file final-v3.txt (compact mmCIF, C-alpha atoms and all ligand atoms)
# COMPACT_ATOMS: atom_id res chain seq x y z
CA MET A 1 0.00 0.00 0.00
CA PRO A 2 1.37 3.47 -0.80
CA THR A 3 2.98 5.43 2.05
CA PRO A 4 3.21 9.21 2.42
CA HIS A 5 6.56 9.11 0.59
CA ILE A 6 6.45 6.05 -1.65
CA SER A 7 3.66 5.50 -4.19
CA ALA A 8 4.74 2.01 -5.29
CA ALA A 9 2.33 -0.91 -5.03
CA LYS A 10 3.42 -3.48 -2.46
CA GLY A 11 4.84 -6.05 -4.87
CA ASP A 12 6.74 -3.37 -6.78
CA ILE A 13 9.58 -3.25 -4.27
CA ALA A 14 12.13 -6.05 -3.93
CA GLU A 15 13.43 -7.52 -0.67
CA THR A 16 16.87 -6.22 -1.65
CA VAL A 17 17.11 -2.43 -1.82
CA LEU A 18 20.14 -0.31 -2.73
CA LEU A 19 19.96 3.18 -1.25
CA PRO A 20 21.97 6.03 -2.77
CA GLY A 21 21.43 9.47 -1.28
CA ASP A 22 21.05 10.95 -4.75
CA PRO A 23 17.84 9.98 -6.63
CA TYR A 24 19.62 10.55 -9.94
CA ARG A 25 22.31 8.09 -8.91
CA ALA A 26 19.44 5.65 -8.31
CA LYS A 27 18.26 6.24 -11.90
CA TRP A 28 21.75 5.90 -13.36
CA ALA A 29 22.56 2.76 -11.34
CA ALA A 30 19.24 1.10 -12.20
CA GLU A 31 19.56 1.89 -15.91
CA THR A 32 23.21 0.81 -15.97
CA PHE A 33 23.23 -2.36 -13.85
CA LEU A 34 19.68 -3.77 -13.70
CA ASP A 35 17.74 -5.65 -16.35
CA ASN A 36 14.31 -4.23 -17.18
CA PRO A 37 14.39 -1.35 -14.65
CA ARG A 38 11.06 0.39 -14.15
CA LEU A 39 10.21 3.50 -12.18
CA ILE A 40 8.24 2.56 -9.06
CA ASN A 41 8.32 5.84 -7.13
CA GLU A 42 8.83 9.53 -7.80
CA VAL A 43 7.02 11.15 -4.88
CA ARG A 44 8.90 14.38 -4.03
CA GLY A 45 11.32 13.56 -6.85
CA MET A 46 12.81 10.70 -4.82
CA LEU A 47 13.23 8.21 -7.62
CA GLY A 48 13.00 4.46 -7.10
CA PHE A 49 13.43 1.71 -9.70
CA THR A 50 12.94 -2.05 -9.59
CA GLY A 51 14.57 -4.50 -11.98
CA THR A 52 16.68 -7.63 -11.78
CA TYR A 53 20.39 -8.34 -11.33
CA LYS A 54 21.44 -11.79 -12.59
CA GLY A 55 17.78 -12.77 -12.31
CA ASN A 56 17.36 -11.49 -8.74
CA PRO A 57 14.81 -8.73 -8.03
CA VAL A 58 16.43 -5.48 -6.82
CA THR A 59 15.09 -2.03 -6.01
CA ILE A 60 17.36 1.02 -6.17
CA HIS A 61 15.75 3.93 -4.31
CA GLY A 62 17.05 7.35 -3.28
CA SER A 63 17.31 7.99 0.46
CA GLY A 64 17.89 11.74 0.35
CA MET A 65 20.65 13.38 2.34
CA GLY A 66 21.04 12.98 6.08
CA MET A 67 19.75 10.48 8.63
CA PRO A 68 16.24 11.97 9.10
CA SER A 69 15.55 11.54 5.38
CA LEU A 70 17.12 8.08 5.20
CA SER A 71 15.07 7.10 8.25
CA ILE A 72 11.78 7.93 6.50
CA TYR A 73 12.58 5.81 3.43
CA ALA A 74 14.21 2.91 5.28
CA ASN A 75 11.33 2.70 7.78
CA GLU A 76 8.71 2.64 5.03
CA LEU A 77 10.68 0.22 2.85
CA ILE A 78 11.09 -2.19 5.78
CA THR A 79 7.75 -1.95 7.56
CA GLU A 80 5.39 -1.33 4.62
CA TYR A 81 7.18 -3.01 1.71
CA GLY A 82 9.05 -5.90 3.38
CA ALA A 83 12.61 -4.89 2.48
CA LYS A 84 15.07 -7.27 4.15
CA THR A 85 18.49 -6.32 2.78
CA LEU A 86 19.37 -2.63 2.56
CA ILE A 87 22.69 -1.52 1.13
CA ARG A 88 23.65 2.13 1.03
CA ILE A 89 25.66 3.12 -2.06
CA GLY A 90 26.97 6.56 -1.16
CA SER A 91 29.71 9.12 -1.53
CA CYS A 92 31.97 10.07 1.37
CA GLY A 93 34.84 12.32 2.31
CA GLY A 94 38.20 10.58 2.87
CA MET A 95 39.80 11.04 6.30
CA GLN A 96 43.08 9.08 6.09
CA THR A 97 46.18 9.85 4.02
CA ALA A 98 46.32 6.24 2.78
CA ILE A 99 42.82 6.59 1.27
CA ASN A 100 42.44 8.24 -2.15
CA VAL A 101 39.57 9.86 -4.03
CA ARG A 102 37.62 7.16 -5.95
CA ASP A 103 38.69 4.43 -3.50
CA VAL A 104 35.87 2.38 -1.98
CA ILE A 105 35.20 2.20 1.77
CA ILE A 106 33.09 -0.62 3.18
CA ALA A 107 31.75 0.53 6.52
CA MET A 108 32.11 -1.98 9.33
CA THR A 109 30.88 0.52 11.93
CA ALA A 110 29.44 4.03 11.90
CA THR A 111 30.39 6.47 14.66
CA THR A 112 28.03 9.38 15.35
CA LEU A 113 27.32 12.31 17.62
CA SER A 114 23.61 11.51 17.35
CA THR A 115 21.03 9.81 15.14
CA PRO A 116 17.23 10.05 14.81
CA SER A 117 17.16 6.99 17.10
CA ARG A 118 18.76 8.93 19.94
CA GLY A 119 15.36 9.49 21.53
CA ILE A 120 14.74 5.74 21.62
CA MET A 121 18.22 4.74 22.78
CA LYS A 122 18.33 7.45 25.48
CA GLU A 123 21.51 6.98 27.54
CA LEU A 124 22.61 3.92 25.56
CA ASN A 125 25.60 4.39 23.22
CA PHE A 126 24.49 1.73 20.76
CA ALA A 127 27.24 0.66 18.33
CA PRO A 128 25.84 0.66 14.76
CA CYS A 129 27.56 -2.09 12.78
CA ALA A 130 27.20 -3.74 9.38
CA ASP A 131 25.75 -7.18 8.74
CA TYR A 132 28.79 -9.46 8.75
CA GLY A 133 27.60 -11.73 5.93
CA LEU A 134 27.07 -8.78 3.60
CA LEU A 135 30.37 -7.24 4.66
CA GLU A 136 32.30 -10.43 3.95
CA LYS A 137 30.74 -10.84 0.51
CA ALA A 138 31.28 -7.18 -0.38
CA VAL A 139 34.96 -7.41 0.56
CA ALA A 140 35.33 -10.55 -1.58
CA ALA A 141 33.58 -8.85 -4.52
CA ALA A 142 35.80 -5.76 -4.19
CA ARG A 143 38.96 -7.88 -4.07
CA ALA A 144 37.81 -9.86 -7.12
CA LYS A 145 37.22 -6.64 -9.07
CA GLY A 146 40.59 -5.22 -7.98
CA THR A 147 38.95 -2.05 -6.68
CA PRO A 148 41.13 -0.19 -4.14
CA THR A 149 39.03 -0.86 -1.05
CA HIS A 150 39.30 -0.11 2.65
CA VAL A 151 37.23 -1.78 5.38
CA GLY A 152 36.67 -0.13 8.74
CA GLY A 153 34.89 2.57 10.69
CA ILE A 154 33.26 5.63 9.20
CA TYR A 155 31.61 8.71 10.68
CA SER A 156 27.93 9.48 10.00
CA SER A 157 27.55 13.22 10.42
CA ASP A 158 24.48 15.43 10.76
CA VAL A 159 26.24 18.24 8.93
CA PHE A 160 28.01 18.56 5.60
CA TYR A 161 29.50 21.94 6.49
CA ASP A 162 31.25 20.95 9.69
CA GLU A 163 32.88 23.46 12.03
CA ARG A 164 34.58 21.02 14.38
CA PRO A 165 38.16 20.53 13.08
CA ASP A 166 39.02 19.16 16.53
CA LEU A 167 36.49 16.36 16.04
CA THR A 168 37.80 15.56 12.57
CA GLU A 169 41.34 15.38 13.97
CA GLN A 170 40.21 13.14 16.82
CA MET A 171 38.44 10.75 14.47
CA THR A 172 41.29 10.66 11.95
CA ARG A 173 43.64 9.85 14.86
CA HIS A 174 41.33 7.00 15.86
CA GLY A 175 41.31 5.49 12.37
CA ILE A 176 37.94 6.65 11.04
CA MET A 177 38.20 6.28 7.27
CA GLY A 178 35.57 8.62 5.89
CA VAL A 179 32.57 10.81 6.59
CA GLU A 180 29.05 10.57 5.19
CA MET A 181 25.58 11.27 6.53
CA GLU A 182 23.30 8.17 6.62
CA ALA A 183 24.91 4.80 7.46
CA ALA A 184 24.59 4.88 11.26
CA GLU A 185 20.81 5.25 11.23
CA LEU A 186 20.52 2.62 8.49
CA TYR A 187 22.48 0.15 10.64
CA ILE A 188 20.35 0.96 13.71
CA LEU A 189 17.06 0.52 11.81
CA ALA A 190 18.26 -2.78 10.35
CA ALA A 191 19.14 -4.00 13.85
CA ARG A 192 15.74 -2.91 15.16
CA HIS A 193 13.79 -4.67 12.43
CA GLY A 194 15.93 -7.81 11.97
CA CYS A 195 17.20 -6.79 8.53
CA ARG A 196 20.66 -6.87 6.94
CA ALA A 197 22.43 -3.60 6.18
CA LEU A 198 25.72 -2.43 4.75
CA ALA A 199 27.19 0.80 3.42
CA VAL A 200 29.50 0.70 0.42
CA LEU A 201 30.93 4.16 -0.20
CA THR A 202 33.09 5.84 -2.82
CA VAL A 203 35.46 8.60 -1.75
CA SER A 204 34.25 11.70 -3.59
CA ASP A 205 36.46 14.24 -1.84
CA HIS A 206 39.22 14.35 0.74
CA LEU A 207 39.17 16.24 4.01
CA LEU A 208 42.97 16.20 4.31
CA THR A 209 43.93 17.14 0.74
CA GLY A 210 40.93 19.25 -0.29
CA GLU A 211 40.56 17.27 -3.54
CA ALA A 212 36.90 17.01 -4.67
CA LEU A 213 35.02 15.41 -7.58
CA PRO A 214 32.26 17.33 -9.41
CA SER A 215 28.56 16.51 -8.87
CA GLN A 216 28.33 14.80 -12.28
CA ASP A 217 30.96 12.25 -11.20
CA ARG A 218 29.17 11.67 -7.89
CA GLU A 219 25.96 10.94 -9.82
CA LYS A 220 27.25 8.72 -12.60
CA SER A 221 30.78 7.38 -12.16
CA PHE A 222 30.76 5.19 -9.07
CA GLY A 223 30.04 1.89 -10.84
CA ASP A 224 32.40 -0.33 -8.82
CA MET A 225 30.52 0.50 -5.63
CA VAL A 226 27.19 -0.46 -7.21
CA GLU A 227 28.52 -3.78 -8.52
CA ILE A 228 30.14 -4.58 -5.16
CA ALA A 229 26.79 -3.94 -3.44
CA LEU A 230 24.89 -6.09 -5.94
CA GLU A 231 27.39 -8.94 -5.67
CA ALA A 232 27.22 -8.78 -1.88
CA ALA A 233 23.43 -9.01 -1.87
CA PHE A 234 23.13 -12.37 -3.68
O1 LIG A 301 26.25 10.72 -2.20
P1 LIG A 301 25.26 10.43 -1.11
O2 LIG A 301 24.80 9.03 -1.14
O3 LIG A 301 24.12 11.42 -1.05
O4 LIG A 301 26.07 10.58 0.29
C1 LIG A 301 26.79 11.71 0.73
O5 LIG A 301 26.57 12.86 -0.06
C2 LIG A 301 25.64 13.75 0.59
C3 LIG A 301 26.34 15.06 0.86
O6 LIG A 301 26.83 15.61 -0.31
C4 LIG A 301 25.21 13.05 1.87
O7 LIG A 301 24.01 12.37 1.63
C5 LIG A 301 26.37 12.13 2.13
O8 LIG A 301 26.11 11.02 2.95
O1 LIG A 302 28.94 13.68 3.87
C1 LIG A 302 29.86 13.82 3.07
C2 LIG A 302 29.83 13.22 1.78
C3 LIG A 302 30.87 13.40 0.93
N1 LIG A 302 31.92 14.15 1.33
C4 LIG A 302 31.96 14.71 2.54
O2 LIG A 302 32.94 15.39 2.87
N2 LIG A 302 30.93 14.54 3.38
call {"tool": "encode", "arguments": {"input": "final-v3.txt", "output": "structure tokens"}}
result
Amino acid sequence: MPTPHISAAKGDIAETVLLPGDPYRAKWAAETFLDNPRLINEVRGMLGFTGTYKGNPVTIHGSGMGMPSLSIYANELITEYGAKTLIRIGSCGGMQTAINVRDVIIAMTATTLSTPSRGIMKELNFAPCADYGLLEKAVAAARAKGTPTHVGGIYSSDVFYDERPDLTEQMTRHGIMGVEMEAAELYILAARHGCRALAVLTVSDHLLTGEALPSQDREKSFGDMVEIALEAAF
């Protein structure tokens, strides 16, 4: 049944959902990697497509930017449409000198200052972590492709324009590999609802070097990350 944010009919959404922040990355990824992709949602311009990958049904749906937006889509996809495996395919900022722009980061954990689930967790510092089975398969797929890939902790931020250089320094010193804005809440929601979740990220810019890719590249050039996510799912 349609939700306030997704107009798809129930059977139109697969159990496996890839979630880019950018709805146009969803369109590009679906048209590039899925067989017979069809548009299943465009409420608020948040595009979603369902097709098949090697015969397996897959939905690729935008999550929007930031954890509150991701939370709306992930909640509705899980509770109203029966999504079971949710893999974020996102861009991130690199935070280690050994990590380069266009490298892939597979997020084992996601550190945060807060998430939309803070009100539920209260005093508990829950540790959002990836589904191990998905993580293992994604790492194997990345190695098989020869994609420069790093596996470890990331930071899920509430802000893109951060004004806490002390925090960035602290996290870099503690090995955090990159910063993005959705994975922690995705991991928490998956834990809450008994689903599998993973974030596969491409480094689009670098906090230490200032290097940055244009928006066009962030929309359409991160193919390895999409294939790694699809290989991990099945
Ligand atoms: O490229 P996406 O998947 O949107 O991810 C990253 O890019 C956005 C900020 O530019 C945030 O959503 C951040 O998490
Ligand atoms: O959240 C994000 C995403 C990409 N690059 C960043 O620096 N931050």
call {"tool": "closest_atom_pairs", "arguments": {"input": "final-v3.txt", "of": "chain A", "to": "ligand LIG 301 (chain A)", "cutoff": "6 Å", "atoms": "only C-alpha atoms and all ligand atoms", "output": "Markdown table"}}
result
| residue | atom | partner | partner_atom | distance |
| --- | --- | --- | --- | --- |
| A:Pro20 | CA | A:LIG301 | O2 | 4.4 |
| A:Gly21 | CA | A:LIG301 | O3 | 3.3 |
| A:Asp22 | CA | A:LIG301 | O3 | 4.8 |
| A:Met65 | CA | A:LIG301 | O7 | 3.6 |
| A:Gly66 | CA | A:LIG301 | O7 | 5.4 |
| A:Gly90 | CA | A:LIG301 | O2 | 3.3 |
| A:Ser91 | CA | A:LIG301 | O1 | 3.9 |
| A:Cys92 | CA | A:LIG301 | C1 | 5.5 |
| A:Glu180 | CA | A:LIG301 | O8 | 3.7 |
| A:Met181 | CA | A:LIG301 | O8 | 3.6 |
| A:Glu182 | CA | A:LIG301 | O8 | 5.4 |
call {"tool": "residues_near_ligand", "arguments": {"input": "final-v3.txt", "ligand": "ligand LIG 302 (chain A)", "cutoff": "9 Å", "atoms": "all atoms listed in the file", "output": "JSON, numbers by chain"}}
result
{"A": [65, 66, 90, 91, 92, 93, 94, 95, 155, 156, 157, 158, 159, 160, 161, 162, 178, 179, 180, 181, 182, 202, 203, 204, 205, 206, 207, 212]}
call {"tool": "atom_distance", "arguments": {"input": "final-v3.txt", "atom1": "CA of Pro4 (chain A)", "atom2": "CA of Val43 (chain A)"}}
result
8.5 Å
call {"tool": "atom_distance", "arguments": {"input": "final-v3.txt", "atom1": "CA of Ala14 (chain A)", "atom2": "CA of Pro2 (chain A)"}}
result
14.7 Å
call {"tool": "closest_residue", "arguments": {"input": "final-v3.txt", "among": "A:Glu231, A:Ala190, A:Val151, A:Leu113", "to": "Arg164 (chain A)", "atoms": "all atoms listed in the file"}}
result
A:Leu113
call {"tool": "closest_residue", "arguments": {"input": "final-v3.txt", "among": "A:Glu219, A:Asp131, A:Glu136, A:Glu163", "to": "Leu198 (chain A)", "atoms": "only C-alpha atoms"}}
result
A:Asp131
call {"tool": "atom_distance", "arguments": {"input": "final-v3.txt", "atom1": "CA of Leu124 (chain A)", "atom2": "CA of Gln96 (chain A)"}}
result
28.7 Å
call {"tool": "closest_residue", "arguments": {"input": "final-v3.txt", "among": "A:Ala197, A:Leu230, A:Ala9, A:Tyr187", "to": "Ala138 (chain A)", "atoms": "only C-alpha atoms"}}
result
A:Leu230
call {"tool": "closest_residue", "arguments": {"input": "final-v3.txt", "among": "A:Leu213, A:Ala26, A:Ile154, A:Val200", "to": "Thr172 (chain A)", "atoms": "all atoms listed in the file"}}
result
A:Ile154
call {"tool": "closest_residue", "arguments": {"input": "final-v3.txt", "among": "A:Lys54, A:His193, A:Arg118, A:His61", "to": "His5 (chain A)", "atoms": "only C-alpha atoms"}}
result
A:His61
call {"tool": "closest_residue", "arguments": {"input": "final-v3.txt", "among": "A:Ala184, A:Ala233, A:Leu70, A:Ile13", "to": "Ala83 (chain A)", "atoms": "all atoms listed in the file"}}
result
A:Ile13
call {"tool": "residues_around", "arguments": {"input": "final-v3.txt", "residues": "Arg25 (chain A)", "least_positions_apart": "3", "cutoff": "12 Å", "atoms": "all atoms listed in the file", "output": "PDB file with C-alpha atoms, keeping the file's coordinate frame"}}
result
ATOM      1  CA  LEU A  18      20.140  -0.310  -2.730  1.00  0.00           C
ATOM      2  CA  LEU A  19      19.960   3.180  -1.250  1.00  0.00           C
ATOM      3  CA  PRO A  20      21.970   6.030  -2.770  1.00  0.00           C
ATOM      4  CA  GLY A  21      21.430   9.470  -1.280  1.00  0.00           C
ATOM      5  CA  ASP A  22      21.050  10.950  -4.750  1.00  0.00           C
ATOM      6  CA  TRP A  28      21.750   5.900 -13.360  1.00  0.00           C
ATOM      7  CA  ALA A  29      22.560   2.760 -11.340  1.00  0.00           C
ATOM      8  CA  ALA A  30      19.240   1.100 -12.200  1.00  0.00           C
ATOM      9  CA  GLU A  31      19.560   1.890 -15.910  1.00  0.00           C
ATOM     10  CA  THR A  32      23.210   0.810 -15.970  1.00  0.00           C
ATOM     11  CA  PHE A  33      23.230  -2.360 -13.850  1.00  0.00           C
ATOM     12  CA  MET A  46      12.810  10.700  -4.820  1.00  0.00           C
ATOM     13  CA  LEU A  47      13.230   8.210  -7.620  1.00  0.00           C
ATOM     14  CA  GLY A  48      13.000   4.460  -7.100  1.00  0.00           C
ATOM     15  CA  PHE A  49      13.430   1.710  -9.700  1.00  0.00           C
ATOM     16  CA  ILE A  60      17.360   1.020  -6.170  1.00  0.00           C
ATOM     17  CA  HIS A  61      15.750   3.930  -4.310  1.00  0.00           C
ATOM     18  CA  GLY A  62      17.050   7.350  -3.280  1.00  0.00           C
ATOM     19  CA  SER A  63      17.310   7.990   0.460  1.00  0.00           C
ATOM     20  CA  GLY A  64      17.890  11.740   0.350  1.00  0.00           C
ATOM     21  CA  ARG A  88      23.650   2.130   1.030  1.00  0.00           C
ATOM     22  CA  ILE A  89      25.660   3.120  -2.060  1.00  0.00           C
ATOM     23  CA  GLY A  90      26.970   6.560  -1.160  1.00  0.00           C
ATOM     24  CA  SER A  91      29.710   9.120  -1.530  1.00  0.00           C
ATOM     25  CA  SER A 215      28.560  16.510  -8.870  1.00  0.00           C
ATOM     26  CA  GLN A 216      28.330  14.800 -12.280  1.00  0.00           C
ATOM     27  CA  ASP A 217      30.960  12.250 -11.200  1.00  0.00           C
ATOM     28  CA  ARG A 218      29.170  11.670  -7.890  1.00  0.00           C
ATOM     29  CA  GLU A 219      25.960  10.940  -9.820  1.00  0.00           C
ATOM     30  CA  LYS A 220      27.250   8.720 -12.600  1.00  0.00           C
ATOM     31  CA  SER A 221      30.780   7.380 -12.160  1.00  0.00           C
ATOM     32  CA  PHE A 222      30.760   5.190  -9.070  1.00  0.00           C
ATOM     33  CA  GLY A 223      30.040   1.890 -10.840  1.00  0.00           C
ATOM     34  CA  MET A 225      30.520   0.500  -5.630  1.00  0.00           C
ATOM     35  CA  VAL A 226      27.190  -0.460  -7.210  1.00  0.00           C
TER      36      VAL A 226
END
call {"tool": "residues_around", "arguments": {"input": "final-v3.txt", "residues": "Ala142 (chain A)", "least_positions_apart": "3", "cutoff": "9 Å", "atoms": "all atoms listed in the file", "output": "PyMOL selection string"}}
result
chain A and resi 104+137-139+145-149+224-225+227-228
